[in-house]
There are 2 protein chains.
Amino acid sequence: MLAVIMLVTSHHLPRKAKGQGGERREEILDHALRLISESGVHNVSTRQIATAVGISQPTLYAYFPNRHALVAEVGSRAFRALAARMRKDAAAPGSAQDRLLAVARSYIRFGLEQPDAYRVAFMLEAGSAEDKGGDDAVLAAGIETFTIHRGCVADYLGPATDEAEITLVAQSMWASLHGLVSLLIARPGFPWVDREQLIVHHLGSLVGRTSPQSTQ
Amino acid sequence: MLAVIMLVTSHHLPRKAKGQGGERREEILDHALRLISESGVHNVSTRQIATAVGISQPTLYAYFPNRHALVAEVGSRAFRALAARMRKDAAAPGSAQDRLLAVARSYIRFGLEQPDAYRVAFMLEAGSAEDKGGDDAVLAAGIETFTIHRGCVADYLGPATDEAEITLVAQSMWASLHGLVSLLIARPGFPWVDREQLIVHHLGSLVGRTSPQSTQ
DNA sequence: CCCATAACCTATCATCGATAGGAAAGGTTG
DNA sequence: CAACCTTTCCTATCGATGATAGGTTATGGG
């Protein structure tokens, strides 16, 4: 465990007004996301977060039951940020295939641009039994995000397609996209081919098969 | 951090004979893999491993420079186990497509049957700069495993295919497989469709597109 | 002005990974 | 046999971490 040299500005901000605890909560989450994005989840301590915010470390526990819950909420937020990007692409003009690919591309870009946020959202290990709540929230945010993608798949496959079939295809595609992003993130030292070329091929493999309408 | 109740049989085995330090090393790795498979990487401490082996905790550091190196070696071993399974499938009789799918299916099965070993091999975060050696070993084992898969892809695509094209397709498929396995492992609470059906569809999507020979 | 309470603190805990330094077993060499 | 060196393994202890206990202080309604 390498001790990272860290000079954190300890502002010691004035305490929040009576009903404004939620505001402090937001500050904590903001700083936590920033620190995690800088150093990775496992290299950020509760003390670092607290110092960055300008409060004492035990004060964190007034807002979150434990570290895992804090991180989980960062993950939920990351999912919501991704969902927002995807929703925008899903509403853009173009063919169903264009929109599906635009959303998929946004997904990939999000993961590559914010690898640590992506990791927290998609690859965070589940906590103990009593952390169930936080993990459920991450899962719910993930399902909501997936649903946007599924909508694009539904449009792409056409109105005649069975609901179960849509879900099946959407999940397979979702997994395929996640695989590329997570591997590129987790194994940057792997002898990858040209990244853009790989992404293009990967996206092509999504729509190459189960396309029911204009096949090219 | 929940303190897990743990009654470990502390044998206090006799010390190893003069040249048999490597034997103890194997024991450590065996117990580490077992404990990790039982509780997950982050829920296993060096003290638990040492106690399980029957030695003191600092003795671990006579065999591994730090905890990360130990876990990394467990990851390398997991990769080698996966490689062995894949090699067997790759050598089995059948068409190139059959063999490619058999290897892919083995990959998926391995991940689902030994999720924590899979996690350590594929999803372990890289350590600090001085852990480079261990991480490199994991990466090398991973590349070796990938190479088996790539061989199947080469056979599948046919001898006329460009080497770079083979690598591109192989990496895309590899990522696709990893995505399914890692998501199924990491998000068991997700509302997945029938698992076997999903796997079949996913495998089908691998060979559905870039097939140059017998399409169907 | 009072005082309930939300917001926050210091002190401290057990556990973690890791280091320092020494004990002891066992082969080797005189 | 005795001296010695190397390998194996130990106890004691460190700083850092997540978490808890219990007290303090400011805020704002009455």
# chains A, B, ... in the order shown; residues from 1 in each chain; ligands from 1
>>> residues_around(residues="DC8 in chain C", least_positions_apart="2", cutoff="12 Å", atoms="only C-alpha atoms (C1' of nucleotides)", output="mmCIF file with N, CA and C atoms (P, O5', C5', C4', C3', O3' and C1' of nucleotides), in the first residue's frame")
data_model
loop_
_atom_site.group_PDB
_atom_site.id
_atom_site.type_symbol
_atom_site.label_atom_id
_atom_site.label_comp_id
_atom_site.auth_asym_id
_atom_site.auth_seq_id
_atom_site.Cartn_x
_atom_site.Cartn_y
_atom_site.Cartn_z
ATOM 1 N N HIS A 12 -11.905 23.702 6.426
ATOM 2 C CA HIS A 12 -12.694 23.800 7.645
ATOM 3 C C HIS A 12 -13.808 24.814 7.469
ATOM 4 N N LEU A 13 -14.630 24.488 6.514
ATOM 5 C CA LEU A 13 -15.776 25.318 6.195
ATOM 6 C C LEU A 13 -16.670 25.483 7.414
ATOM 7 N N PRO A 14 -17.442 26.559 7.428
ATOM 8 C CA PRO A 14 -18.401 26.736 8.530
ATOM 9 C C PRO A 14 -19.452 25.644 8.489
ATOM 10 N N ARG A 15 -19.952 25.301 9.620
ATOM 11 C CA ARG A 15 -20.957 24.227 9.656
ATOM 12 C C ARG A 15 -22.201 24.666 8.919
ATOM 13 N N LYS A 16 -22.898 23.686 8.368
ATOM 14 C CA LYS A 16 -24.098 23.953 7.592
ATOM 15 C C LYS A 16 -25.230 24.436 8.487
ATOM 16 N N ALA A 17 -26.119 25.242 7.892
ATOM 17 C CA ALA A 17 -27.295 25.708 8.634
ATOM 18 C C ALA A 17 -28.185 24.525 8.975
ATOM 19 N N LYS A 18 -29.175 24.802 9.781
ATOM 20 C CA LYS A 18 -29.932 23.723 10.427
ATOM 21 C C LYS A 18 -30.487 22.657 9.474
ATOM 22 N N GLY A 21 -28.233 19.779 5.925
ATOM 23 C CA GLY A 21 -27.360 18.618 5.966
ATOM 24 C C GLY A 21 -27.248 17.933 4.612
ATOM 25 N N ARG A 24 -24.439 19.294 2.500
ATOM 26 C CA ARG A 24 -23.139 18.721 2.847
ATOM 27 C C ARG A 24 -22.985 17.336 2.231
ATOM 28 N N GLY A 54 -13.619 19.109 4.089
ATOM 29 C CA GLY A 54 -13.367 20.084 5.142
ATOM 30 C C GLY A 54 -14.072 19.722 6.433
ATOM 31 N N ILE A 55 -14.335 18.449 6.623
ATOM 32 C CA ILE A 55 -14.987 17.980 7.841
ATOM 33 C C ILE A 55 -14.149 16.861 8.443
ATOM 34 N N SER A 56 -14.519 16.424 9.640
ATOM 35 C CA SER A 56 -13.786 15.324 10.252
ATOM 36 C C SER A 56 -14.279 13.997 9.677
ATOM 37 N N GLN A 57 -13.413 13.001 9.781
ATOM 38 C CA GLN A 57 -13.749 11.704 9.184
ATOM 39 C C GLN A 57 -15.016 11.070 9.772
ATOM 40 N N PRO A 58 -15.204 11.069 11.088
ATOM 41 C CA PRO A 58 -16.429 10.446 11.615
ATOM 42 C C PRO A 58 -17.702 11.145 11.169
ATOM 43 N N THR A 59 -17.596 12.414 10.768
ATOM 44 C CA THR A 59 -18.798 13.128 10.335
ATOM 45 C C THR A 59 -19.416 12.475 9.105
ATOM 46 N N LEU A 60 -18.585 11.811 8.316
ATOM 47 C CA LEU A 60 -19.105 11.110 7.137
ATOM 48 C C LEU A 60 -20.206 10.129 7.538
ATOM 49 N N TYR A 61 -20.028 9.564 8.731
ATOM 50 C CA TYR A 61 -20.956 8.521 9.165
ATOM 51 C C TYR A 61 -22.282 9.092 9.641
ATOM 52 N N ALA A 62 -22.380 10.402 9.643
ATOM 53 C CA ALA A 62 -23.675 11.025 9.901
ATOM 54 C C ALA A 62 -24.503 11.044 8.626
ATOM 55 N N TYR A 63 -23.830 10.886 7.495
ATOM 56 C CA TYR A 63 -24.522 10.964 6.207
ATOM 57 C C TYR A 63 -24.603 9.625 5.492
ATOM 58 P P DA C 6 -33.043 16.692 14.709
ATOM 59 O "O5'" DA C 6 -32.306 17.229 13.388
ATOM 60 C "C5'" DA C 6 -32.507 18.570 12.968
ATOM 61 C "C4'" DA C 6 -31.160 19.244 12.724
ATOM 62 C "C3'" DA C 6 -30.174 18.416 11.877
ATOM 63 O "O3'" DA C 6 -29.639 19.275 10.887
ATOM 64 C "C1'" DA C 6 -29.143 19.096 13.904
ATOM 65 P P DT C 10 -11.399 17.872 16.056
ATOM 66 O "O5'" DT C 10 -11.305 17.080 17.433
ATOM 67 C "C5'" DT C 10 -11.505 17.742 18.682
ATOM 68 C "C4'" DT C 10 -11.413 16.740 19.822
ATOM 69 C "C3'" DT C 10 -10.162 15.873 19.832
ATOM 70 O "O3'" DT C 10 -9.718 15.693 21.181
ATOM 71 C "C1'" DT C 10 -12.061 14.482 19.683
ATOM 72 P P DG D 23 -20.781 11.409 27.408
ATOM 73 O "O5'" DG D 23 -20.203 12.866 27.132
ATOM 74 C "C5'" DG D 23 -18.788 13.066 27.125
ATOM 75 C "C4'" DG D 23 -18.417 14.143 26.125
ATOM 76 C "C3'" DG D 23 -19.090 15.500 26.386
ATOM 77 O "O3'" DG D 23 -18.113 16.531 26.368
ATOM 78 C "C1'" DG D 23 -19.373 14.854 24.139
ATOM 79 P P DT D 24 -18.525 18.019 26.853
ATOM 80 O "O5'" DT D 24 -18.567 18.837 25.493
ATOM 81 C "C5'" DT D 24 -17.426 18.872 24.635
ATOM 82 C "C4'" DT D 24 -17.752 19.695 23.398
ATOM 83 C "C3'" DT D 24 -18.416 21.051 23.682
ATOM 84 O "O3'" DT D 24 -17.798 22.020 22.847
ATOM 85 C "C1'" DT D 24 -19.713 19.849 22.132
ATOM 86 P P DT D 25 -17.841 23.555 23.250
ATOM 87 O "O5'" DT D 25 -18.420 24.241 21.946
ATOM 88 C "C5'" DT D 25 -18.063 23.734 20.659
ATOM 89 C "C4'" DT D 25 -19.149 24.052 19.659
ATOM 90 C "C3'" DT D 25 -19.853 25.400 19.884
ATOM 91 O "O3'" DT D 25 -19.965 26.034 18.637
ATOM 92 C "C1'" DT D 25 -21.445 23.721 19.610
ATOM 93 P P DA D 26 -19.708 27.613 18.465
ATOM 94 O "O5'" DA D 26 -20.811 28.011 17.397
ATOM 95 C "C5'" DA D 26 -20.786 27.398 16.121
ATOM 96 C "C4'" DA D 26 -22.192 26.972 15.716
ATOM 97 C "C3'" DA D 26 -23.168 28.139 15.514
ATOM 98 O "O3'" DA D 26 -23.722 27.976 14.237
ATOM 99 C "C1'" DA D 26 -24.163 26.411 16.793
#
>>> residues_around(residues="range 12-17 of chain C", least_positions_apart="6", cutoff="10 Å", atoms="only C-alpha atoms (C1' of nucleotides)", output="MDAnalysis selection string")
(chainID A and resid 1) or (chainID B and resid 1 3 45:47 57:58 66:67) or (chainID D and resid 15:21)
>>> select_by_dssp(residues="chain A", states="helix (DSSP H, G or I)", output="JSON, numbers by chain")
{"A": [21, 22, 23, 24, 25, 26, 27, 28, 29, 30, 31, 32, 33, 34, 35, 36, 37, 38, 39, 41, 42, 43, 46, 47, 48, 49, 50, 51, 52, 53, 57, 58, 59, 60, 61, 62, 67, 68, 69, 70, 71, 72, 73, 74, 75, 76, 77, 78, 79, 80, 81, 82, 83, 84, 85, 86, 87, 88, 89, 90, 91, 96, 97, 98, 99, 100, 101, 102, 103, 104, 105, 106, 107, 108, 109, 110, 111, 112, 113, 115, 116, 117, 118, 119, 120, 121, 122, 123, 129, 130, 131, 132, 133, 134, 135, 136, 137, 138, 139, 140, 141, 142, 143, 144, 145, 146, 147, 148, 149, 150, 151, 152, 153, 154, 155, 156, 157, 163, 164, 165, 166, 167, 168, 169, 170, 171, 172, 173, 174, 175, 176, 177, 178, 179, 180, 181, 182, 183, 184, 185, 186, 195, 196, 197, 198, 199, 200, 201, 202, 203, 204, 205, 206, 207, 208]}
>>> closest_residue(among="B:Ile143, B:Ile49, B:Leu157, B:Ile199", to="Ser176 in chain A", atoms="only C-alpha atoms")
B:Ile199
>>> atom_distance(atom1="CA of Cys152 in chain A", atom2="CA of Phe122 in chain A")
20.4 Å
>>> closest_atom_pairs(of="chain D", to="chain B", cutoff="10 Å", atoms="only C-alpha atoms (C1' of nucleotides)", output="JSON lines")
{"residue": "D:DT6", "atom": "C1'", "partner": "B:Lys18", "partner_atom": "CA", "distance": 8.8}
{"residue": "D:DT7", "atom": "C1'", "partner": "B:Lys18", "partner_atom": "CA", "distance": 5.9}
{"residue": "D:DT8", "atom": "C1'", "partner": "B:Arg15", "partner_atom": "CA", "distance": 6.7}
{"residue": "D:DC9", "atom": "C1'", "partner": "B:Thr59", "partner_atom": "CA", "distance": 6.3}
{"residue": "D:DC10", "atom": "C1'", "partner": "B:Ser56", "partner_atom": "CA", "distance": 7.3}
{"residue": "D:DT11", "atom": "C1'", "partner": "B:Ser56", "partner_atom": "CA", "distance": 9.6}
{"residue": "D:DG18", "atom": "C1'", "partner": "B:Met1", "partner_atom": "CA", "distance": 6.7}
{"residue": "D:DA19", "atom": "C1'", "partner": "B:Met1", "partner_atom": "CA", "distance": 7.9}
>>> closest_atom_pairs(of="chain B", to="chain A", cutoff="6 Å", atoms="only C-alpha atoms", output="tab-separated table")
residue	atom	partner	partner_atom	distance
B:Ser172	CA	A:His202	CA	5.7
B:Ala175	CA	A:Gly179	CA	4.6
B:Ser176	CA	A:Ser176	CA	4.1
B:His178	CA	A:Gly179	CA	5.2
B:Gly179	CA	A:Gly179	CA	3.2
B:Leu180	CA	A:Ala175	CA	4.8
B:His202	CA	A:Ser172	CA	5.7
B:Gly208	CA	A:Arg209	CA	5.8
B:Arg209	CA	A:Arg209	CA	5.6
>>> write_last_selection(atoms="N, CA and C atoms", output="mmCIF file, in the first residue's frame")
data_model
loop_
_atom_site.group_PDB
_atom_site.id
_atom_site.type_symbol
_atom_site.label_atom_id
_atom_site.label_comp_id
_atom_site.auth_asym_id
_atom_site.auth_seq_id
_atom_site.Cartn_x
_atom_site.Cartn_y
_atom_site.Cartn_z
ATOM 1 N N SER B 172 -12.608 -8.790 -30.373
ATOM 2 C CA SER B 172 -13.998 -8.375 -30.223
ATOM 3 C C SER B 172 -14.822 -9.500 -29.596
ATOM 4 N N ALA B 175 -13.862 -9.947 -25.913
ATOM 5 C CA ALA B 175 -14.498 -8.908 -25.098
ATOM 6 C C ALA B 175 -15.976 -9.214 -24.893
ATOM 7 N N SER B 176 -16.612 -9.688 -25.941
ATOM 8 C CA SER B 176 -18.033 -10.001 -25.862
ATOM 9 C C SER B 176 -18.289 -11.099 -24.837
ATOM 10 N N HIS B 178 -16.283 -11.960 -22.348
ATOM 11 C CA HIS B 178 -15.960 -11.435 -21.018
ATOM 12 C C HIS B 178 -17.104 -10.591 -20.473
ATOM 13 N N GLY B 179 -17.716 -9.828 -21.335
ATOM 14 C CA GLY B 179 -18.815 -8.978 -20.892
ATOM 15 C C GLY B 179 -19.952 -9.778 -20.295
ATOM 16 N N LEU B 180 -20.328 -10.831 -20.970
ATOM 17 C CA LEU B 180 -21.424 -11.644 -20.455
ATOM 18 C C LEU B 180 -21.060 -12.269 -19.113
ATOM 19 N N HIS B 202 -25.938 -15.452 -27.130
ATOM 20 C CA HIS B 202 -24.664 -14.727 -27.143
ATOM 21 C C HIS B 202 -23.633 -15.474 -27.988
ATOM 22 N N GLY B 208 -22.502 -15.510 -35.886
ATOM 23 C CA GLY B 208 -23.560 -15.126 -36.815
ATOM 24 C C GLY B 208 -23.103 -14.196 -37.905
ATOM 25 N N ARG B 209 -22.079 -13.416 -37.616
ATOM 26 C CA ARG B 209 -21.735 -12.346 -38.546
ATOM 27 C C ARG B 209 -20.588 -12.715 -39.467
#
>>> atom_distance(atom1="CA of Phe146 in chain B", atom2="CA of Ile108 in chain A")
22.0 Å
>>> residues_around(residues="DC5 in chain D", least_positions_apart="5", cutoff="12 Å", atoms="only C-alpha atoms (C1' of nucleotides)", output="PyMOL selection string")
chain C and resi 26-29
>>> residues_around(residues="Ala137 in chain A", least_positions_apart="2", cutoff="12 Å", atoms="only C-alpha atoms (C1' of nucleotides)", output="PyMOL selection string")
(chain A and resi 69-80+121+126+131-135+139-144) or (chain B and resi 189-190)
>>> decode(residues="range 36-171 of chain B", atoms="C-alpha atoms", output="PDB file, in the first residue's frame")
ATOM      1  CA  ILE B  36     -10.794 -16.223  -2.091  1.00  0.00           C
ATOM      2  CA  SER B  37     -13.231 -18.566  -3.779  1.00  0.00           C
ATOM      3  CA  GLU B  38     -15.159 -18.806  -0.533  1.00  0.00           C
ATOM      4  CA  SER B  39     -15.280 -15.162   0.478  1.00  0.00           C
ATOM      5  CA  GLY B  40     -14.094 -12.995  -2.394  1.00  0.00           C
ATOM      6  CA  VAL B  41     -10.757 -11.271  -2.811  1.00  0.00           C
ATOM      7  CA  HIS B  42     -11.398  -8.304  -0.583  1.00  0.00           C
ATOM      8  CA  ASN B  43     -12.747 -10.393   2.250  1.00  0.00           C
ATOM      9  CA  VAL B  44      -9.601 -12.443   2.690  1.00  0.00           C
ATOM     10  CA  SER B  45      -6.785 -11.065   4.821  1.00  0.00           C
ATOM     11  CA  THR B  46      -3.168 -12.123   4.908  1.00  0.00           C
ATOM     12  CA  ARG B  47      -3.759 -13.284   8.463  1.00  0.00           C
ATOM     13  CA  GLN B  48      -6.558 -15.583   7.363  1.00  0.00           C
ATOM     14  CA  ILE B  49      -4.372 -17.086   4.674  1.00  0.00           C
ATOM     15  CA  ALA B  50      -1.451 -17.536   7.046  1.00  0.00           C
ATOM     16  CA  THR B  51      -3.649 -19.125   9.702  1.00  0.00           C
ATOM     17  CA  ALA B  52      -5.163 -21.499   7.159  1.00  0.00           C
ATOM     18  CA  VAL B  53      -1.711 -22.577   6.027  1.00  0.00           C
ATOM     19  CA  GLY B  54      -0.541 -22.904   9.620  1.00  0.00           C
ATOM     20  CA  ILE B  55       2.168 -20.241   9.617  1.00  0.00           C
ATOM     21  CA  SER B  56       2.463 -16.749  11.008  1.00  0.00           C
ATOM     22  CA  GLN B  57       1.293 -13.798   8.954  1.00  0.00           C
ATOM     23  CA  PRO B  58       4.717 -12.190   8.421  1.00  0.00           C
ATOM     24  CA  THR B  59       6.023 -15.489   7.044  1.00  0.00           C
ATOM     25  CA  LEU B  60       3.949 -14.842   3.934  1.00  0.00           C
ATOM     26  CA  TYR B  61       6.327 -12.027   3.155  1.00  0.00           C
ATOM     27  CA  ALA B  62       9.172 -14.505   2.858  1.00  0.00           C
ATOM     28  CA  TYR B  63       7.402 -15.882  -0.216  1.00  0.00           C
ATOM     29  CA  PHE B  64       5.656 -12.849  -1.670  1.00  0.00           C
ATOM     30  CA  PRO B  65       6.712  -9.198  -1.627  1.00  0.00           C
ATOM     31  CA  ASN B  66       3.198  -8.098  -0.693  1.00  0.00           C
ATOM     32  CA  ARG B  67      -0.434  -9.105  -0.693  1.00  0.00           C
ATOM     33  CA  HIS B  68      -1.021  -7.886  -4.231  1.00  0.00           C
ATOM     34  CA  ALA B  69       1.710 -10.146  -5.602  1.00  0.00           C
ATOM     35  CA  LEU B  70       0.179 -13.135  -3.856  1.00  0.00           C
ATOM     36  CA  VAL B  71      -3.260 -12.421  -5.262  1.00  0.00           C
ATOM     37  CA  ALA B  72      -1.784 -11.734  -8.687  1.00  0.00           C
ATOM     38  CA  GLU B  73      -0.202 -15.157  -8.702  1.00  0.00           C
ATOM     39  CA  VAL B  74      -3.544 -16.685  -7.806  1.00  0.00           C
ATOM     40  CA  GLY B  75      -4.858 -14.855 -10.850  1.00  0.00           C
ATOM     41  CA  SER B  76      -2.117 -16.210 -13.068  1.00  0.00           C
ATOM     42  CA  ARG B  77      -2.929 -19.706 -11.884  1.00  0.00           C
ATOM     43  CA  ALA B  78      -6.603 -19.192 -12.591  1.00  0.00           C
ATOM     44  CA  PHE B  79      -5.691 -18.166 -16.126  1.00  0.00           C
ATOM     45  CA  ARG B  80      -3.589 -21.262 -16.573  1.00  0.00           C
ATOM     46  CA  ALA B  81      -6.461 -23.446 -15.384  1.00  0.00           C
ATOM     47  CA  LEU B  82      -8.756 -21.745 -17.877  1.00  0.00           C
ATOM     48  CA  ALA B  83      -6.151 -22.127 -20.608  1.00  0.00           C
ATOM     49  CA  ALA B  84      -5.915 -25.852 -19.938  1.00  0.00           C
ATOM     50  CA  ARG B  85      -9.656 -26.287 -20.338  1.00  0.00           C
ATOM     51  CA  MET B  86      -9.714 -24.236 -23.499  1.00  0.00           C
ATOM     52  CA  ARG B  87      -6.774 -26.079 -24.999  1.00  0.00           C
ATOM     53  CA  LYS B  88      -8.577 -29.361 -24.552  1.00  0.00           C
ATOM     54  CA  ASP B  89     -11.673 -28.044 -26.331  1.00  0.00           C
ATOM     55  CA  ALA B  90      -9.610 -26.510 -29.078  1.00  0.00           C
ATOM     56  CA  ALA B  91      -8.050 -29.879 -29.832  1.00  0.00           C
ATOM     57  CA  ALA B  92     -11.352 -31.761 -29.901  1.00  0.00           C
ATOM     58  CA  PRO B  93     -12.718 -33.087 -33.194  1.00  0.00           C
ATOM     59  CA  GLY B  94     -15.367 -31.169 -35.094  1.00  0.00           C
ATOM     60  CA  SER B  95     -15.668 -28.206 -37.428  1.00  0.00           C
ATOM     61  CA  ALA B  96     -13.785 -24.989 -36.790  1.00  0.00           C
ATOM     62  CA  GLN B  97     -17.038 -23.371 -35.728  1.00  0.00           C
ATOM     63  CA  ASP B  98     -17.799 -26.218 -33.356  1.00  0.00           C
ATOM     64  CA  ARG B  99     -14.416 -25.878 -31.752  1.00  0.00           C
ATOM     65  CA  LEU B 100     -14.656 -22.108 -31.502  1.00  0.00           C
ATOM     66  CA  LEU B 101     -18.011 -22.402 -29.788  1.00  0.00           C
ATOM     67  CA  ALA B 102     -16.825 -25.203 -27.539  1.00  0.00           C
ATOM     68  CA  VAL B 103     -13.921 -23.077 -26.367  1.00  0.00           C
ATOM     69  CA  ALA B 104     -16.194 -20.089 -25.860  1.00  0.00           C
ATOM     70  CA  ARG B 105     -18.625 -22.193 -23.894  1.00  0.00           C
ATOM     71  CA  SER B 106     -15.800 -23.513 -21.737  1.00  0.00           C
ATOM     72  CA  TYR B 107     -14.744 -19.960 -21.071  1.00  0.00           C
ATOM     73  CA  ILE B 108     -18.229 -19.019 -19.948  1.00  0.00           C
ATOM     74  CA  ARG B 109     -18.617 -22.114 -17.831  1.00  0.00           C
ATOM     75  CA  PHE B 110     -15.273 -21.496 -16.141  1.00  0.00           C
ATOM     76  CA  GLY B 111     -16.287 -17.982 -15.191  1.00  0.00           C
ATOM     77  CA  LEU B 112     -19.667 -19.026 -13.844  1.00  0.00           C
ATOM     78  CA  GLU B 113     -18.348 -22.009 -11.929  1.00  0.00           C
ATOM     79  CA  GLN B 114     -15.410 -20.192 -10.376  1.00  0.00           C
ATOM     80  CA  PRO B 115     -16.509 -16.580 -10.280  1.00  0.00           C
ATOM     81  CA  ASP B 116     -13.942 -15.402  -7.761  1.00  0.00           C
ATOM     82  CA  ALA B 117     -11.043 -17.014  -9.568  1.00  0.00           C
ATOM     83  CA  TYR B 118     -12.365 -15.401 -12.731  1.00  0.00           C
ATOM     84  CA  ARG B 119     -12.599 -12.046 -11.013  1.00  0.00           C
ATOM     85  CA  VAL B 120      -9.018 -12.247  -9.834  1.00  0.00           C
ATOM     86  CA  ALA B 121      -7.804 -13.189 -13.290  1.00  0.00           C
ATOM     87  CA  PHE B 122      -9.814 -10.727 -15.354  1.00  0.00           C
ATOM     88  CA  MET B 123     -11.017  -7.999 -13.070  1.00  0.00           C
ATOM     89  CA  LEU B 124      -8.237  -7.489 -10.541  1.00  0.00           C
ATOM     90  CA  GLU B 125      -7.221  -3.864 -10.354  1.00  0.00           C
ATOM     91  CA  ALA B 126      -3.628  -3.177 -11.267  1.00  0.00           C
ATOM     92  CA  GLY B 127      -1.389  -2.465  -8.302  1.00  0.00           C
ATOM     93  CA  SER B 128       1.152   0.276  -7.707  1.00  0.00           C
ATOM     94  CA  ALA B 129       4.209   0.754  -9.869  1.00  0.00           C
ATOM     95  CA  GLU B 130       6.326  -1.668  -7.828  1.00  0.00           C
ATOM     96  CA  ASP B 131       3.721  -4.392  -8.302  1.00  0.00           C
ATOM     97  CA  LYS B 132       4.473  -4.261 -12.013  1.00  0.00           C
ATOM     98  CA  GLY B 133       6.028  -7.720 -12.035  1.00  0.00           C
ATOM     99  CA  GLY B 134       3.028  -9.552 -10.667  1.00  0.00           C
ATOM    100  CA  ASP B 135       0.644  -7.657 -12.896  1.00  0.00           C
ATOM    101  CA  ASP B 136       2.786  -8.413 -15.903  1.00  0.00           C
ATOM    102  CA  ALA B 137       2.630 -12.103 -15.042  1.00  0.00           C
ATOM    103  CA  VAL B 138      -1.164 -11.974 -14.921  1.00  0.00           C
ATOM    104  CA  LEU B 139      -1.236 -10.142 -18.220  1.00  0.00           C
ATOM    105  CA  ALA B 140       1.113 -12.683 -19.800  1.00  0.00           C
ATOM    106  CA  ALA B 141      -1.061 -15.550 -18.596  1.00  0.00           C
ATOM    107  CA  GLY B 142      -4.065 -13.720 -19.973  1.00  0.00           C
ATOM    108  CA  ILE B 143      -2.436 -13.200 -23.350  1.00  0.00           C
ATOM    109  CA  GLU B 144      -1.506 -16.862 -23.478  1.00  0.00           C
ATOM    110  CA  THR B 145      -5.112 -17.780 -22.783  1.00  0.00           C
ATOM    111  CA  PHE B 146      -6.380 -15.348 -25.367  1.00  0.00           C
ATOM    112  CA  THR B 147      -3.990 -16.842 -27.910  1.00  0.00           C
ATOM    113  CA  ILE B 148      -5.767 -20.192 -27.674  1.00  0.00           C
ATOM    114  CA  HIS B 149      -9.039 -18.488 -28.447  1.00  0.00           C
ATOM    115  CA  ARG B 150      -7.416 -16.572 -31.268  1.00  0.00           C
ATOM    116  CA  GLY B 151      -6.235 -19.846 -32.782  1.00  0.00           C
ATOM    117  CA  CYS B 152      -9.808 -21.048 -32.926  1.00  0.00           C
ATOM    118  CA  VAL B 153     -10.893 -17.797 -34.531  1.00  0.00           C
ATOM    119  CA  ALA B 154      -8.127 -18.173 -37.111  1.00  0.00           C
ATOM    120  CA  ASP B 155      -9.324 -21.669 -38.000  1.00  0.00           C
ATOM    121  CA  TYR B 156     -12.869 -20.435 -38.102  1.00  0.00           C
ATOM    122  CA  LEU B 157     -12.154 -17.494 -40.393  1.00  0.00           C
ATOM    123  CA  GLY B 158     -10.043 -19.617 -42.699  1.00  0.00           C
ATOM    124  CA  PRO B 159      -6.443 -19.486 -43.920  1.00  0.00           C
ATOM    125  CA  ALA B 160      -7.115 -16.675 -46.372  1.00  0.00           C
ATOM    126  CA  THR B 161      -7.838 -14.209 -43.597  1.00  0.00           C
ATOM    127  CA  ASP B 162      -5.458 -11.409 -42.756  1.00  0.00           C
ATOM    128  CA  GLU B 163      -3.585 -11.808 -39.460  1.00  0.00           C
ATOM    129  CA  ALA B 164      -4.651  -8.379 -38.285  1.00  0.00           C
ATOM    130  CA  GLU B 165      -8.258  -9.160 -39.166  1.00  0.00           C
ATOM    131  CA  ILE B 166      -8.073 -12.379 -37.158  1.00  0.00           C
ATOM    132  CA  THR B 167      -6.759 -10.519 -34.133  1.00  0.00           C
ATOM    133  CA  LEU B 168      -9.426  -7.859 -34.490  1.00  0.00           C
ATOM    134  CA  VAL B 169     -12.275 -10.355 -34.643  1.00  0.00           C
ATOM    135  CA  ALA B 170     -10.764 -12.466 -31.875  1.00  0.00           C
ATOM    136  CA  GLN B 171     -10.458  -9.491 -29.550  1.00  0.00           C
TER     137      GLN B 171
END
